[in-house]
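A short worksheet on the structure shown next.
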Amino acid sequence: MTPETHIAGEHWIEREERDLFVYRFPHGTATGAHVEELSKLERPLWDEGAPHVYNLVVLGEELAISPGAITETAKLFRTSPPRTAAYVARRFFHRTSMEFLTRMIRAFGVNMHGKVFDNEVSARAWLAERRRVRNRKSVM
């Protein structure tokens, strides 16, 4: 199955499973408008009242984050369902930005879990385990 893809500038999002979305910001500048455009792929799940959304967010080393993008993104996700995000970021600025984003989204009242990783393999393994645990609990 080919994942659904949505593009905004140099960035894109892919739906890999019904509730799993992979955001890729390889280079260039990421803005709140880019995130807003990309999130349109997962927005129908929000409207359906999805119980949880999972994200893998991959930030390239040559990526710049525009001023205000973190705040704009947090405000955008304040109406989302509970979510879990694994961030792949090697640069210190990106790592701290993603930790701050997770805290801001939680401050808006969204049940949000996030963790930063150095590589995609580790991030995917953590997300898979989180999904397994959550799915096991929802069956019980």
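In the structure tokens, chains take the letters A, B, ... in the order shown, each chain's residues start at 1, and ligands count up from 1 in the order shown.
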Extract, using only C-alpha atoms, all DNA, RNA and protein residues at most 7 Å from segment 17-24 of chain A, discarding same-chain residues fewer than 4 positions from it, and format them as a list in words. His11, Trp12, Ile13, Val53, Tyr54, Asn55, Leu56, Val57, Val58 and Leu59 of chain A
Name all residues at most 8 Å from Ile105 of chain A (count only C-alpha atoms; drop same-chain ones fewer than 5 positions away) and give them as a ChimeraX atom specification. /A:74-75,77-78,110,112
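Restricting the calculation to only C-alpha atoms, the smallest distance between Ala33 of chain A and any of A:Ser66, A:Ser122, A:Thr5, A:Asn135 is found for A:Ser66.
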Need to verify the contact set: His52 of chain A, 6 Å, only C-alpha atoms, exclusion of same-chain residues closer than 3 positions in sequence. Can you return it as a PyMOL selection string? chain A and resi 81-83
Just all heavy atoms for this one: save the residues we selected as a PDB file, in the first residue's frame.
ATOM      1  N   PRO A  81      -7.025  15.332  19.047  1.00  0.00           N
ATOM      2  CA  PRO A  81      -7.212  14.244  20.014  1.00  0.00           C
ATOM      3  C   PRO A  81      -5.910  14.006  20.783  1.00  0.00           C
ATOM      4  O   PRO A  81      -4.864  14.537  20.407  1.00  0.00           O
ATOM      5  CB  PRO A  81      -7.529  13.033  19.135  1.00  0.00           C
ATOM      6  CG  PRO A  81      -7.652  13.507  17.753  1.00  0.00           C
ATOM      7  CD  PRO A  81      -7.088  14.881  17.678  1.00  0.00           C
ATOM      8  N   PRO A  82      -5.961  13.186  21.804  1.00  0.00           N
ATOM      9  CA  PRO A  82      -4.720  12.800  22.476  1.00  0.00           C
ATOM     10  C   PRO A  82      -3.722  12.299  21.430  1.00  0.00           C
ATOM     11  O   PRO A  82      -4.120  11.707  20.420  1.00  0.00           O
ATOM     12  CB  PRO A  82      -5.144  11.673  23.411  1.00  0.00           C
ATOM     13  CG  PRO A  82      -6.600  11.945  23.664  1.00  0.00           C
ATOM     14  CD  PRO A  82      -7.118  12.504  22.366  1.00  0.00           C
ATOM     15  N   ARG A  83      -2.433  12.546  21.686  1.00  0.00           N
ATOM     16  CA  ARG A  83      -1.444  12.166  20.684  1.00  0.00           C
ATOM     17  C   ARG A  83      -0.123  11.760  21.309  1.00  0.00           C
ATOM     18  O   ARG A  83       0.182  12.135  22.436  1.00  0.00           O
ATOM     19  CB  ARG A  83      -1.231  13.282  19.667  1.00  0.00           C
ATOM     20  CG  ARG A  83      -0.768  14.586  20.208  1.00  0.00           C
ATOM     21  CD  ARG A  83      -0.589  15.660  19.111  1.00  0.00           C
ATOM     22  NE  ARG A  83      -1.700  15.762  18.213  1.00  0.00           N
ATOM     23  CZ  ARG A  83      -1.657  15.440  16.914  1.00  0.00           C
ATOM     24  NH1 ARG A  83      -0.550  15.027  16.358  1.00  0.00           N
ATOM     25  NH2 ARG A  83      -2.726  15.541  16.157  1.00  0.00           N
TER      26      ARG A  83
END
Mind giving me the straight-line distance from atom CA of Ser80 of chain A to atom CA of Trp46 of chain A in Å, one decimal?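 Here the two named atoms are 5.7 Å from each other.
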Among the residues A:Leu127, A:Ala30, A:Met104, A:Ile7, the one that comes closest to Glu62 of chain A [using only C-alpha atoms]: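 Residue with the minimum atom-to-atom distance to Glu62 of chain A: A:Ala30.
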Computed interatomic separation between atom CA of Arg130 of chain A and atom CA of Lys115 of chain A (Å):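 We find that atom CA of Arg130 of chain A and atom CA of Lys115 of chain A lie 11.2 Å from each other.
By chain and then residue number, the residues within 9 Å of Glu37 of chain A are A:His6, A:Ile7, A:Ala8, A:Gly32, counting only C-alpha atoms and disregarding those fewer than 5 positions away in sequence.
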